[in-house]
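**Student:** Pasting structure.cif below, which is mmCIF, C-alpha atoms.
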data_query
loop_
_atom_site.label_atom_id
_atom_site.label_comp_id
_atom_site.auth_asym_id
_atom_site.auth_seq_id
_atom_site.Cartn_x
_atom_site.Cartn_y
_atom_site.Cartn_z
CA MET A 1 0.00 0.00 0.00
CA LYS A 2 1.25 3.46 -0.88
CA LYS A 3 1.58 6.02 1.89
CA ILE A 4 -1.26 8.54 1.37
CA LYS A 5 -1.69 11.93 3.03
CA ILE A 6 -5.09 13.60 3.19
CA VAL A 7 -5.04 17.40 3.22
CA LEU A 8 -7.91 19.61 4.38
CA ASP A 9 -7.95 23.37 4.38
CA SER A 10 -8.58 25.20 7.66
CA THR A 11 -12.20 26.06 6.80
CA SER A 12 -12.94 22.38 7.45
CA ASP A 13 -13.11 23.16 11.20
CA VAL A 14 -11.70 19.66 11.73
CA PRO A 15 -11.64 18.37 15.32
CA ARG A 16 -8.08 18.59 16.64
CA GLY A 17 -8.10 14.91 17.63
CA TRP A 18 -8.85 13.86 14.06
CA ILE A 19 -5.63 15.39 12.68
CA GLU A 20 -3.48 12.67 14.20
CA LYS A 21 -6.16 9.96 14.30
CA PHE A 22 -6.80 10.10 10.54
CA ASP A 23 -3.32 11.33 9.53
CA LEU A 24 -4.51 14.66 8.15
CA ALA A 25 -2.65 17.84 7.21
CA VAL A 26 -4.43 21.19 7.50
CA ILE A 27 -3.34 24.09 5.28
CA PRO A 28 -4.37 27.44 6.75
CA LEU A 29 -6.32 30.18 5.05
CA HIS A 30 -5.52 33.69 6.27
CA VAL A 31 -7.33 36.54 7.99
CA THR A 32 -6.30 40.15 7.33
CA TRP A 33 -7.53 42.96 9.56
CA PRO A 34 -8.25 46.50 8.29
CA ASP A 35 -4.94 47.70 9.81
CA GLY A 36 -3.07 45.25 7.56
CA SER A 37 -2.14 42.72 10.25
CA GLN A 38 -2.52 39.11 9.11
CA GLU A 39 -2.93 35.84 10.98
CA ASP A 40 -3.29 32.19 10.03
CA ASP A 41 -6.50 30.26 10.54
CA THR A 42 -5.10 27.66 12.94
CA ARG A 43 -6.82 24.92 14.94
CA ASP A 44 -5.30 26.16 18.22
CA LEU A 45 -8.17 26.41 20.73
CA LYS A 46 -6.81 29.42 22.62
CA GLU A 47 -6.27 31.31 19.38
CA ILE A 48 -9.80 30.52 18.21
CA GLN A 49 -11.40 31.61 21.50
CA ASP A 50 -9.35 34.82 21.50
CA PHE A 51 -10.49 35.47 17.94
CA TYR A 52 -14.17 35.10 18.96
CA GLU A 53 -13.66 37.81 21.55
CA ARG A 54 -11.79 40.16 19.21
CA ILE A 55 -14.18 39.85 16.27
CA SER A 56 -17.21 40.33 18.56
CA LYS A 57 -15.83 43.75 19.51
CA ALA A 58 -14.43 44.70 16.08
CA LYS A 59 -15.86 47.77 14.38
CA ASP A 60 -14.73 46.57 10.94
CA LEU A 61 -14.47 42.91 10.00
CA PRO A 62 -11.27 41.32 8.68
CA LYS A 63 -11.01 39.78 5.21
CA SER A 64 -10.15 36.16 4.53
CA SER A 65 -7.85 34.86 1.81
CA GLN A 66 -7.02 31.47 0.36
CA PRO A 67 -3.63 29.75 0.57
CA SER A 68 -1.38 30.62 -2.37
CA VAL A 69 -0.13 28.15 -4.97
CA GLY A 70 3.30 28.51 -3.38
CA GLU A 71 1.96 27.58 0.05
CA PHE A 72 0.38 24.42 -1.36
CA LEU A 73 3.64 23.55 -3.14
CA ASP A 74 5.56 24.01 0.12
CA LEU A 75 3.15 21.64 1.85
CA TYR A 76 3.36 19.06 -0.93
CA ARG A 77 7.18 19.15 -0.75
CA LYS A 78 7.08 18.74 3.04
CA LEU A 79 4.79 15.71 2.72
CA LYS A 80 7.03 14.17 0.06
CA ASN A 81 10.03 14.62 2.36
CA GLU A 82 8.07 12.85 5.11
CA GLY A 83 7.71 9.82 2.86
CA TYR A 84 4.19 10.24 1.50
CA GLU A 85 3.77 8.89 -2.03
CA GLU A 86 0.31 10.22 -2.89
CA ILE A 87 -1.79 13.17 -1.70
CA ILE A 88 -5.55 13.72 -1.62
CA VAL A 89 -6.64 17.33 -1.06
CA MET A 90 -10.24 18.14 -0.04
CA THR A 91 -11.13 21.82 -0.21
CA ILE A 92 -13.95 24.16 0.68
CA SER A 93 -16.56 24.69 -2.03
CA THR A 94 -15.35 26.64 -5.06
CA ALA A 95 -18.52 28.73 -4.68
CA LEU A 96 -17.11 30.07 -1.40
CA SER A 97 -13.34 30.25 -1.95
CA GLY A 98 -10.58 29.96 -4.53
CA THR A 99 -8.68 27.44 -2.39
CA TYR A 100 -9.42 24.57 -4.81
CA ASP A 101 -7.79 26.48 -7.67
CA SER A 102 -4.61 27.09 -5.66
CA ALA A 103 -4.42 23.40 -4.69
CA LEU A 104 -5.00 22.28 -8.28
CA GLN A 105 -2.45 24.66 -9.81
CA ALA A 106 0.14 23.48 -7.29
CA ALA A 107 -0.72 19.83 -8.05
CA LYS A 108 -0.01 20.41 -11.75
CA GLN A 109 3.47 21.67 -10.86
CA PHE A 110 4.33 18.82 -8.49
CA ASP A 111 6.02 15.49 -9.17
CA LEU A 112 3.86 13.28 -6.92
CA PRO A 113 0.27 12.22 -7.70
CA VAL A 114 -2.00 14.84 -6.10
CA GLN A 115 -5.80 14.45 -6.38
CA VAL A 116 -7.81 17.59 -5.57
CA ILE A 117 -11.50 17.34 -4.66
CA ASP A 118 -13.94 20.26 -4.51
CA THR A 119 -16.14 19.03 -1.65
CA LYS A 120 -18.81 21.69 -2.35
CA LEU A 121 -18.97 21.82 1.45
CA ALA A 122 -17.59 23.93 4.30
CA SER A 123 -17.00 23.77 8.04
CA ALA A 124 -18.04 20.63 9.92
CA ALA A 125 -19.24 18.77 6.83
CA MET A 126 -15.75 18.71 5.28
CA PRO A 127 -13.92 16.39 7.71
CA LEU A 128 -16.56 13.68 7.19
CA PRO A 129 -15.41 12.63 3.69
CA ALA A 130 -11.80 12.76 4.94
CA ARG A 131 -12.64 10.21 7.62
CA ARG A 132 -14.53 8.15 5.05
CA ALA A 133 -11.44 8.17 2.81
CA ARG A 134 -9.37 6.64 5.61
CA GLU A 135 -12.02 3.97 6.16
CA LEU A 136 -11.98 3.14 2.45
CA GLU A 137 -8.19 2.95 2.58
CA LYS A 138 -8.46 0.39 5.41
CA GLU A 139 -10.75 -1.65 3.15
CA GLY A 140 -7.87 -1.85 0.67
CA LYS A 141 -9.11 0.72 -1.86
CA THR A 142 -6.55 2.48 -4.06
CA THR A 143 -6.26 6.26 -4.14
CA GLU A 144 -8.11 6.36 -7.46
CA GLU A 145 -10.92 4.21 -6.05
CA ILE A 146 -11.12 6.33 -2.89
CA VAL A 147 -11.37 9.58 -4.88
CA LYS A 148 -14.06 8.15 -7.17
CA ILE A 149 -16.15 6.90 -4.24
CA ILE A 150 -15.83 10.21 -2.37
CA GLU A 151 -16.76 12.21 -5.50
CA ASP A 152 -19.76 9.93 -6.09
CA ASP A 153 -20.81 10.32 -2.44
CA LEU A 154 -20.63 14.10 -2.79
CA LYS A 155 -22.77 14.06 -5.95
CA LYS A 156 -25.35 11.84 -4.23
CA GLY A 157 -25.61 14.24 -1.27
CA ARG A 158 -24.19 11.93 1.38
CA TYR A 159 -22.97 15.00 3.34
CA LYS A 160 -25.09 17.90 4.60
CA ALA A 161 -24.21 21.18 6.30
CA ILE A 162 -26.86 23.13 8.24
CA PHE A 163 -26.32 26.09 10.62
CA TYR A 164 -27.95 29.10 12.15
CA VAL A 165 -26.25 32.46 12.46
CA SER A 166 -27.07 34.97 15.18
CA ASN A 167 -25.85 38.02 13.26
CA PHE A 168 -26.71 37.93 9.57
CA ASP A 169 -24.58 41.06 8.98
CA PHE A 170 -21.45 38.88 9.08
CA LEU A 171 -22.67 36.84 6.11
CA VAL A 172 -23.65 39.91 4.11
CA LYS A 173 -20.46 41.87 4.84
CA GLY A 174 -18.39 38.79 4.07
CA GLY A 175 -19.95 38.66 0.62
CA ARG A 176 -20.79 34.94 0.80
CA VAL A 177 -24.56 35.40 0.58
CA THR A 178 -26.87 38.00 -0.89
CA LYS A 179 -29.16 39.81 1.52
CA LEU A 180 -32.45 38.43 0.27
CA GLN A 181 -35.61 40.38 0.96
CA GLY A 182 -37.14 39.21 4.21
CA PHE A 183 -33.88 38.05 5.78
CA PHE A 184 -33.09 40.80 8.23
CA GLY A 185 -30.77 39.23 10.76
CA THR A 186 -29.99 42.46 12.57
CA LEU A 187 -33.34 42.46 14.33
CA LEU A 188 -33.13 41.67 18.02
CA ASN A 189 -32.70 37.96 18.76
CA ILE A 190 -33.27 36.90 15.15
CA HIS A 191 -31.40 33.80 13.99
CA VAL A 192 -31.10 32.96 10.30
CA GLY A 193 -30.87 29.36 9.10
CA VAL A 194 -28.37 28.64 6.32
CA PHE A 195 -27.43 25.45 4.50
CA ILE A 196 -25.02 24.49 1.75
CA ASN A 197 -26.83 23.39 -1.40
CA GLU A 198 -25.75 20.87 -4.05
CA GLU A 199 -23.88 23.61 -5.92
CA GLY A 200 -21.83 24.37 -2.82
CA LYS A 201 -23.49 27.73 -2.19
CA LEU A 202 -24.48 29.10 1.21
CA ILE A 203 -28.26 29.59 1.14
CA PRO A 204 -30.39 31.31 3.81
CA PHE A 205 -33.66 29.41 4.19
CA GLU A 206 -35.59 30.69 7.21
CA LYS A 207 -35.41 32.96 10.24
CA ALA A 208 -36.45 32.41 13.83
CA ARG A 209 -36.71 34.58 16.92
CA GLY A 210 -34.86 33.12 19.90
CA GLN A 211 -32.45 30.23 20.28
CA LYS A 212 -35.04 27.50 20.90
CA ARG A 213 -36.91 28.30 17.71
CA ALA A 214 -33.63 28.51 15.83
CA GLN A 215 -32.78 24.99 16.97
CA GLU A 216 -36.21 23.72 15.94
CA MET A 217 -35.74 25.44 12.57
CA LEU A 218 -32.52 23.47 11.94
CA ILE A 219 -34.12 20.15 12.88
CA LYS A 220 -37.04 20.85 10.56
CA LYS A 221 -34.60 21.64 7.75
CA ALA A 222 -32.60 18.47 8.41
CA LEU A 223 -35.79 16.39 8.26
CA SER A 224 -36.69 17.98 4.91
CA MET A 225 -33.30 16.90 3.54
CA VAL A 226 -32.80 13.55 5.29
CA PRO A 227 -35.82 11.39 6.29
CA ALA A 228 -36.31 10.54 9.96
CA GLY A 229 -34.98 7.17 11.07
CA LYS A 230 -31.87 7.27 8.88
CA LYS A 231 -28.48 6.23 10.22
CA VAL A 232 -26.25 9.32 10.44
CA ARG A 233 -22.87 10.41 11.72
CA LEU A 234 -22.63 13.95 13.04
CA LEU A 235 -20.02 16.60 13.58
CA MET A 236 -21.47 19.38 15.73
CA VAL A 237 -19.87 22.79 15.30
CA ASP A 238 -20.21 26.21 16.92
CA ALA A 239 -18.61 29.60 17.32
CA ASN A 240 -18.92 30.28 21.05
CA GLU A 241 -22.31 28.53 21.14
CA ARG A 242 -21.43 25.08 22.55
CA GLU A 243 -24.47 24.60 24.78
CA SER A 244 -26.77 25.15 21.81
CA ALA A 245 -24.75 22.63 19.78
CA LYS A 246 -25.22 20.09 22.59
CA THR A 247 -28.96 20.73 22.58
CA LEU A 248 -29.08 20.31 18.81
CA LEU A 249 -27.40 16.92 19.12
CA GLU A 250 -29.99 15.72 21.65
CA MET A 251 -32.76 16.91 19.33
CA LEU A 252 -31.21 15.11 16.35
CA LYS A 253 -31.02 11.89 18.37
CA GLN A 254 -34.82 12.01 18.70
CA HIS A 255 -35.20 11.72 14.92
CA TYR A 256 -32.17 9.80 13.65
CA GLU A 257 -30.11 6.75 14.52
CA VAL A 258 -26.94 8.61 15.44
CA LEU A 259 -23.99 6.24 15.01
CA ASP A 260 -21.45 8.74 16.35
CA ALA A 261 -21.13 12.44 17.05
CA GLU A 262 -18.31 14.80 18.01
CA PHE A 263 -17.95 18.51 18.69
CA THR A 264 -15.63 21.02 17.08
CA GLU A 265 -15.04 24.78 17.02
CA MET A 266 -15.52 27.06 14.04
CA GLY A 267 -12.17 28.48 13.05
CA LYS A 268 -11.24 32.08 12.32
CA VAL A 269 -12.17 32.17 8.62
CA ILE A 270 -15.60 30.58 8.98
CA THR A 271 -16.30 32.78 12.02
CA THR A 272 -15.31 35.86 10.01
CA HIS A 273 -18.15 35.06 7.62
CA VAL A 274 -20.84 33.82 10.01
CA GLY A 275 -19.97 35.51 13.30
CA PRO A 276 -19.86 34.26 16.90
CA GLY A 277 -23.16 32.82 18.10
CA THR A 278 -23.35 30.35 15.21
CA ALA A 279 -24.19 26.67 15.75
CA GLY A 280 -24.97 23.76 13.49
CA PHE A 281 -23.73 20.44 12.18
CA GLY A 282 -22.26 18.43 9.40
CA MET A 283 -24.17 15.22 8.72
CA GLU A 284 -23.11 12.06 6.93
CA VAL A 285 -26.03 9.91 5.78
CA ILE A 286 -25.27 6.19 5.92
CA GLU A 287 -27.10 4.16 3.29
#
Would you mind writing the structure in this file as structure tokens?

**Tutor:**
Amino acid sequence: MKKIKIVLDSTSDVPRGWIEKFDLAVIPLHVTWPDGSQEDDTRDLKEIQDFYERISKAKDLPKSSQPSVGEFLDLYRKLKNEGYEEIIVMTISTALSGTYDSALQAAKQFDLPVQVIDTKLASAAMPLPARRARELEKEGKTTEEIVKIIEDDLKKGRYKAIFYVSNFDFLVKGGRVTKLQGFFGTLLNIHVGVFINEEGKLIPFEKARGQKRAQEMLIKKALSMVPAGKKVRLLMVDANERESAKTLLEMLKQHYEVLDAEFTEMGKVITTHVGPGTAGFGMEVIE
């Protein structure tokens, strides 16, 4: 068996424990503040929590940027030097970032086989196909077979991403959604539900006043996408909203056969676009 490395970008909000467990590499996107200072989107918990506090108080939001072709090449070289013979890269949706293009351009310039997959996902949904890839590898699948199965899974909608945001202004200012008529998230205690559609776009679908109704809104949306009773695996995610994420998990357990579930924090780049007070989940539907 060839030694394969799986690379995620930092918008995957991957649980820290998974990085070693599933032999993953995480390439950081970047955050640039209005004063020109830049920082990497790391998975360091203290850094993430500090970022929540700073962005909550910020008058002007920072901008996010994708890794450069050169940064991907540097990572590929590092992995080659560590003895990896093949690389699979899974990136955030091309509808949300240019990260896929950077990864692909670097792959074309590199002398090891590098497969790049546009997951058409973001945040907590993205680590799920990475874990699946490792499980397929254990079954004896080749890299080509793994990539084909993952791409087929993505087309079939095996993975879902559903969230609510507590401050819709973050999404609008970040330019990742259009402020549709009727979605006014700046009203007091209004939460807006968003999901990632089959094209990999972030779509607002409903609004709710208060946290409890926001949670119910997400469950209703999940049930419209995945029938009750299905076997699912969950990755719960939040930006300073952990208790709500825990409640969401208990609610999901009432409707689905939850095979496993873990919690993770939204990183700096995703939080830049959705804001603190966001909670939701990535879901893998088991056939």

**Student:** I need the output of the PyMOL selection byres ((chain A and resi 26-29) around 8) for this file as a list of chain:residue names; which residues are they?

**Tutor:**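 Applied to this file, the PyMOL selection byres ((chain A and resi 26-29) around 8) selects A:Val7, A:Leu8, A:Asp9, A:Ser10, A:Thr11, A:Ile19, A:Leu24, A:Ala25, A:His30, A:Val31, A:Asp40, A:Asp41, A:Thr42, A:Ser64, A:Ser65, A:Gln66, A:Pro67, A:Phe72, A:Leu75, A:Val269.
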
**Student:** For the contact check between segment 8-95 of chain A and segment 144-164 of chain A, emit one row per residue of segment 8-95 of chain A within 10 Å, containing the shortest atom pair and the distance in Å rounded to one decimal, counting all atoms listed in the file, chain then rising number order, as a tab-separated table.

**Tutor:**
residue	atom	partner	partner_atom	distance
A:Ile88	CA	A:Val147	CA	7.9
A:Val89	CA	A:Val147	CA	9.9
A:Met90	CA	A:Val147	CA	9.9

**Student:** One decimal, Å: what's the distance from atom CA of Ser123 of chain A over to atom CA of Pro276 of chain A, could you say?

**Tutor:**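 Value for the atom CA of Ser123 of chain A-atom CA of Pro276 of chain A distance: 14.0 Å.
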
**Student:** Atom CA of Arg131 of chain A to atom CA of Trp18 of chain A: how many Å, to one decimal?

**Tutor:** 8.3 Å

**Student:** Mind telling me what the PyMOL selection byres ((chain A and resi 197) around 10) catches here, as number ranges by chain?

**Tutor:** A: 120-121, 157, 160-162, 194-196, 198-203

**Student:** Which of these, A:Lys253, A:Arg233, A:Lys2, A:His191, has the shortest distance to Ile219 of chain A once you count only C-alpha atoms?

**Tutor:**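 For Ile219 of chain A, the nearest of the candidates is A:Lys253.
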
**Student:** Kindly resolve the PyMOL selection byres ((chain A and resi 80) around 12) on the present coordinates and return the residues as a ChimeraX atom specification.

**Tutor:** /A:3-5,73-79,81-87,110-114

**Student:** With distances taken over only C-alpha atoms, which residue among A:Thr99, A:Gly70, A:Phe22, A:Met251 lies nearest Met217 of chain A?

**Tutor:** A:Met251

**Student:** With distances taken over only C-alpha atoms, which residue among A:Arg132, A:Arg209, A:Lys268, A:His273 lies nearest Glu53 of chain A?

**Tutor:**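 Under the stated criterion, the closest residue is A:Lys268.
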
**Student:** Using only C-alpha atoms, which protein or nucleic acid residues come within 12 Å of Leu252 of chain A? Drop anything in the same chain fewer than 2 positions from it, and give the result as a ChimeraX atom specification.

**Tutor:** /A:215-223,226-236,245-250,254-261,280-283

**Student:** Using only C-alpha atoms, which protein or nucleic acid residues come within 12 Å of Lys21 of chain A? Drop anything in the same chain fewer than 5 positions from it, and give the result as JSON, numbers by chain.

**Tutor:** {"A": [6, 14, 15, 16, 130, 131, 134, 135]}

**Student:** For the residues in the current selection, export C-alpha atoms as a JSON list (two decimals), in the frame of the given file.

**Tutor:**
[["chain", "number", "residue", "atom", "x", "y", "z"],
["A", 6, "ILE", "CA", -5.09, 13.60, 3.19],
["A", 14, "VAL", "CA", -11.70, 19.66, 11.73],
["A", 15, "PRO", "CA", -11.64, 18.37, 15.32],
["A", 16, "ARG", "CA", -8.08, 18.59, 16.64],
["A", 130, "ALA", "CA", -11.80, 12.76, 4.94],
["A", 131, "ARG", "CA", -12.64, 10.21, 7.62],
["A", 134, "ARG", "CA", -9.37, 6.64, 5.61],
["A", 135, "GLU", "CA", -12.02, 3.97, 6.16]]

**Student:** Could you tell me how far atom CA of Ser93 of chain A lies from atom CA of Ala122 of chain A, in Å and to one decimal?

**Tutor:** 6.5 Å

**Student:** With distances taken over only C-alpha atoms, which residue among A:Thr143, A:Thr91, A:Asn240, A:Ser56 lies nearest Leu104 of chain A?

**Tutor:**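 Among A:Thr143, A:Thr91, A:Asn240, A:Ser56, it is A:Thr91 that comes nearest to Leu104 of chain A.
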
**Student:** Start from the incomplete input, build all heavy atoms for segment 158-169 of chain A, and deliver everything as a PDB file, in the frame of the given file.

**Tutor:**
ATOM      1  N   ARG A 158     -24.419  12.688   0.144  1.00  0.00           N
ATOM      2  CA  ARG A 158     -24.190  11.930   1.380  1.00  0.00           C
ATOM      3  C   ARG A 158     -23.904  12.863   2.559  1.00  0.00           C
ATOM      4  O   ARG A 158     -24.169  12.521   3.715  1.00  0.00           O
ATOM      5  CB  ARG A 158     -22.997  10.981   1.168  1.00  0.00           C
ATOM      6  CG  ARG A 158     -22.694  10.074   2.361  1.00  0.00           C
ATOM      7  CD  ARG A 158     -21.448   9.237   2.076  1.00  0.00           C
ATOM      8  NE  ARG A 158     -21.069   8.379   3.197  1.00  0.00           N
ATOM      9  CZ  ARG A 158     -21.316   7.069   3.277  1.00  0.00           C
ATOM     10  NH1 ARG A 158     -21.949   6.452   2.281  1.00  0.00           N
ATOM     11  NH2 ARG A 158     -20.931   6.359   4.326  1.00  0.00           N
ATOM     12  N   TYR A 159     -23.376  14.068   2.274  1.00  0.00           N
ATOM     13  CA  TYR A 159     -22.970  15.000   3.340  1.00  0.00           C
ATOM     14  C   TYR A 159     -23.823  16.271   3.299  1.00  0.00           C
ATOM     15  O   TYR A 159     -24.061  16.840   2.232  1.00  0.00           O
ATOM     16  CB  TYR A 159     -21.488  15.364   3.180  1.00  0.00           C
ATOM     17  CG  TYR A 159     -20.616  14.143   3.083  1.00  0.00           C
ATOM     18  CD1 TYR A 159     -20.180  13.673   1.839  1.00  0.00           C
ATOM     19  CD2 TYR A 159     -20.247  13.427   4.224  1.00  0.00           C
ATOM     20  CE1 TYR A 159     -19.398  12.526   1.744  1.00  0.00           C
ATOM     21  CE2 TYR A 159     -19.469  12.284   4.132  1.00  0.00           C
ATOM     22  CZ  TYR A 159     -19.049  11.842   2.896  1.00  0.00           C
ATOM     23  OH  TYR A 159     -18.274  10.700   2.806  1.00  0.00           O
ATOM     24  N   LYS A 160     -24.265  16.703   4.474  1.00  0.00           N
ATOM     25  CA  LYS A 160     -25.090  17.900   4.600  1.00  0.00           C
ATOM     26  C   LYS A 160     -24.437  18.876   5.581  1.00  0.00           C
ATOM     27  O   LYS A 160     -23.720  18.463   6.495  1.00  0.00           O
ATOM     28  CB  LYS A 160     -26.494  17.550   5.126  1.00  0.00           C
ATOM     29  CG  LYS A 160     -27.182  16.380   4.425  1.00  0.00           C
ATOM     30  CD  LYS A 160     -27.547  16.692   2.995  1.00  0.00           C
ATOM     31  CE  LYS A 160     -28.307  15.515   2.367  1.00  0.00           C
ATOM     32  NZ  LYS A 160     -28.509  15.728   0.915  1.00  0.00           N
ATOM     33  N   ALA A 161     -24.710  20.156   5.385  1.00  0.00           N
ATOM     34  CA  ALA A 161     -24.210  21.180   6.300  1.00  0.00           C
ATOM     35  C   ALA A 161     -25.330  22.174   6.575  1.00  0.00           C
ATOM     36  O   ALA A 161     -25.837  22.820   5.650  1.00  0.00           O
ATOM     37  CB  ALA A 161     -23.009  21.896   5.683  1.00  0.00           C
ATOM     38  N   ILE A 162     -25.737  22.277   7.841  1.00  0.00           N
ATOM     39  CA  ILE A 162     -26.860  23.130   8.240  1.00  0.00           C
ATOM     40  C   ILE A 162     -26.458  23.913   9.500  1.00  0.00           C
ATOM     41  O   ILE A 162     -25.931  23.331  10.452  1.00  0.00           O
ATOM     42  CB  ILE A 162     -28.125  22.290   8.532  1.00  0.00           C
ATOM     43  CG1 ILE A 162     -28.449  21.359   7.349  1.00  0.00           C
ATOM     44  CG2 ILE A 162     -29.321  23.188   8.835  1.00  0.00           C
ATOM     45  CD1 ILE A 162     -29.558  20.357   7.630  1.00  0.00           C
ATOM     46  N   PHE A 163     -26.725  25.225   9.505  1.00  0.00           N
ATOM     47  CA  PHE A 163     -26.320  26.090  10.620  1.00  0.00           C
ATOM     48  C   PHE A 163     -27.371  27.165  10.858  1.00  0.00           C
ATOM     49  O   PHE A 163     -28.207  27.432  10.008  1.00  0.00           O
ATOM     50  CB  PHE A 163     -25.001  26.827  10.308  1.00  0.00           C
ATOM     51  CG  PHE A 163     -23.936  25.978   9.691  1.00  0.00           C
ATOM     52  CD1 PHE A 163     -23.826  25.855   8.311  1.00  0.00           C
ATOM     53  CD2 PHE A 163     -23.030  25.288  10.489  1.00  0.00           C
ATOM     54  CE1 PHE A 163     -22.837  25.067   7.733  1.00  0.00           C
ATOM     55  CE2 PHE A 163     -22.043  24.504   9.922  1.00  0.00           C
ATOM     56  CZ  PHE A 163     -21.941  24.391   8.544  1.00  0.00           C
ATOM     57  N   TYR A 164     -27.280  27.814  12.007  1.00  0.00           N
ATOM     58  CA  TYR A 164     -27.950  29.100  12.150  1.00  0.00           C
ATOM     59  C   TYR A 164     -26.917  30.135  12.532  1.00  0.00           C
ATOM     60  O   TYR A 164     -25.915  29.819  13.186  1.00  0.00           O
ATOM     61  CB  TYR A 164     -29.111  29.068  13.170  1.00  0.00           C
ATOM     62  CG  TYR A 164     -28.733  28.928  14.625  1.00  0.00           C
ATOM     63  CD1 TYR A 164     -28.140  29.980  15.333  1.00  0.00           C
ATOM     64  CD2 TYR A 164     -29.013  27.754  15.319  1.00  0.00           C
ATOM     65  CE1 TYR A 164     -27.815  29.860  16.674  1.00  0.00           C
ATOM     66  CE2 TYR A 164     -28.694  27.624  16.668  1.00  0.00           C
ATOM     67  CZ  TYR A 164     -28.092  28.676  17.330  1.00  0.00           C
ATOM     68  OH  TYR A 164     -27.769  28.555  18.659  1.00  0.00           O
ATOM     69  N   VAL A 165     -27.128  31.352  12.091  1.00  0.00           N
ATOM     70  CA  VAL A 165     -26.250  32.460  12.460  1.00  0.00           C
ATOM     71  C   VAL A 165     -27.061  33.443  13.306  1.00  0.00           C
ATOM     72  O   VAL A 165     -28.251  33.636  13.078  1.00  0.00           O
ATOM     73  CB  VAL A 165     -25.648  33.166  11.233  1.00  0.00           C
ATOM     74  CG1 VAL A 165     -24.820  32.193  10.405  1.00  0.00           C
ATOM     75  CG2 VAL A 165     -26.717  33.795  10.356  1.00  0.00           C
ATOM     76  N   SER A 166     -26.390  34.044  14.279  1.00  0.00           N
ATOM     77  CA  SER A 166     -27.070  34.970  15.180  1.00  0.00           C
ATOM     78  C   SER A 166     -26.930  36.423  14.734  1.00  0.00           C
ATOM     79  O   SER A 166     -27.615  37.293  15.243  1.00  0.00           O
ATOM     80  CB  SER A 166     -26.511  34.818  16.604  1.00  0.00           C
ATOM     81  OG  SER A 166     -26.759  33.512  17.073  1.00  0.00           O
ATOM     82  N   ASN A 167     -26.025  36.666  13.794  1.00  0.00           N
ATOM     83  CA  ASN A 167     -25.850  38.020  13.260  1.00  0.00           C
ATOM     84  C   ASN A 167     -25.642  37.923  11.758  1.00  0.00           C
ATOM     85  O   ASN A 167     -24.541  37.677  11.278  1.00  0.00           O
ATOM     86  CB  ASN A 167     -24.652  38.711  13.930  1.00  0.00           C
ATOM     87  CG  ASN A 167     -24.553  40.182  13.546  1.00  0.00           C
ATOM     88  OD1 ASN A 167     -25.068  40.598  12.504  1.00  0.00           O
ATOM     89  ND2 ASN A 167     -23.887  40.969  14.368  1.00  0.00           N
ATOM     90  N   PHE A 168     -26.724  38.110  11.022  1.00  0.00           N
ATOM     91  CA  PHE A 168     -26.710  37.930   9.570  1.00  0.00           C
ATOM     92  C   PHE A 168     -25.775  38.932   8.878  1.00  0.00           C
ATOM     93  O   PHE A 168     -25.316  38.696   7.761  1.00  0.00           O
ATOM     94  CB  PHE A 168     -28.134  38.072   9.029  1.00  0.00           C
ATOM     95  CG  PHE A 168     -28.323  37.548   7.626  1.00  0.00           C
ATOM     96  CD1 PHE A 168     -27.971  36.247   7.312  1.00  0.00           C
ATOM     97  CD2 PHE A 168     -28.864  38.355   6.642  1.00  0.00           C
ATOM     98  CE1 PHE A 168     -28.158  35.754   6.019  1.00  0.00           C
ATOM     99  CE2 PHE A 168     -29.049  37.875   5.349  1.00  0.00           C
ATOM    100  CZ  PHE A 168     -28.699  36.570   5.052  1.00  0.00           C
ATOM    101  N   ASP A 169     -25.477  40.046   9.560  1.00  0.00           N
ATOM    102  CA  ASP A 169     -24.580  41.060   8.980  1.00  0.00           C
ATOM    103  C   ASP A 169     -23.218  40.473   8.603  1.00  0.00           C
ATOM    104  O   ASP A 169     -22.607  40.888   7.627  1.00  0.00           O
ATOM    105  CB  ASP A 169     -24.368  42.211   9.971  1.00  0.00           C
ATOM    106  CG  ASP A 169     -25.502  43.226   9.891  1.00  0.00           C
ATOM    107  OD1 ASP A 169     -26.343  43.086   8.985  1.00  0.00           O
ATOM    108  OD2 ASP A 169     -25.543  44.132  10.732  1.00  0.00           O
TER     109      ASP A 169
END
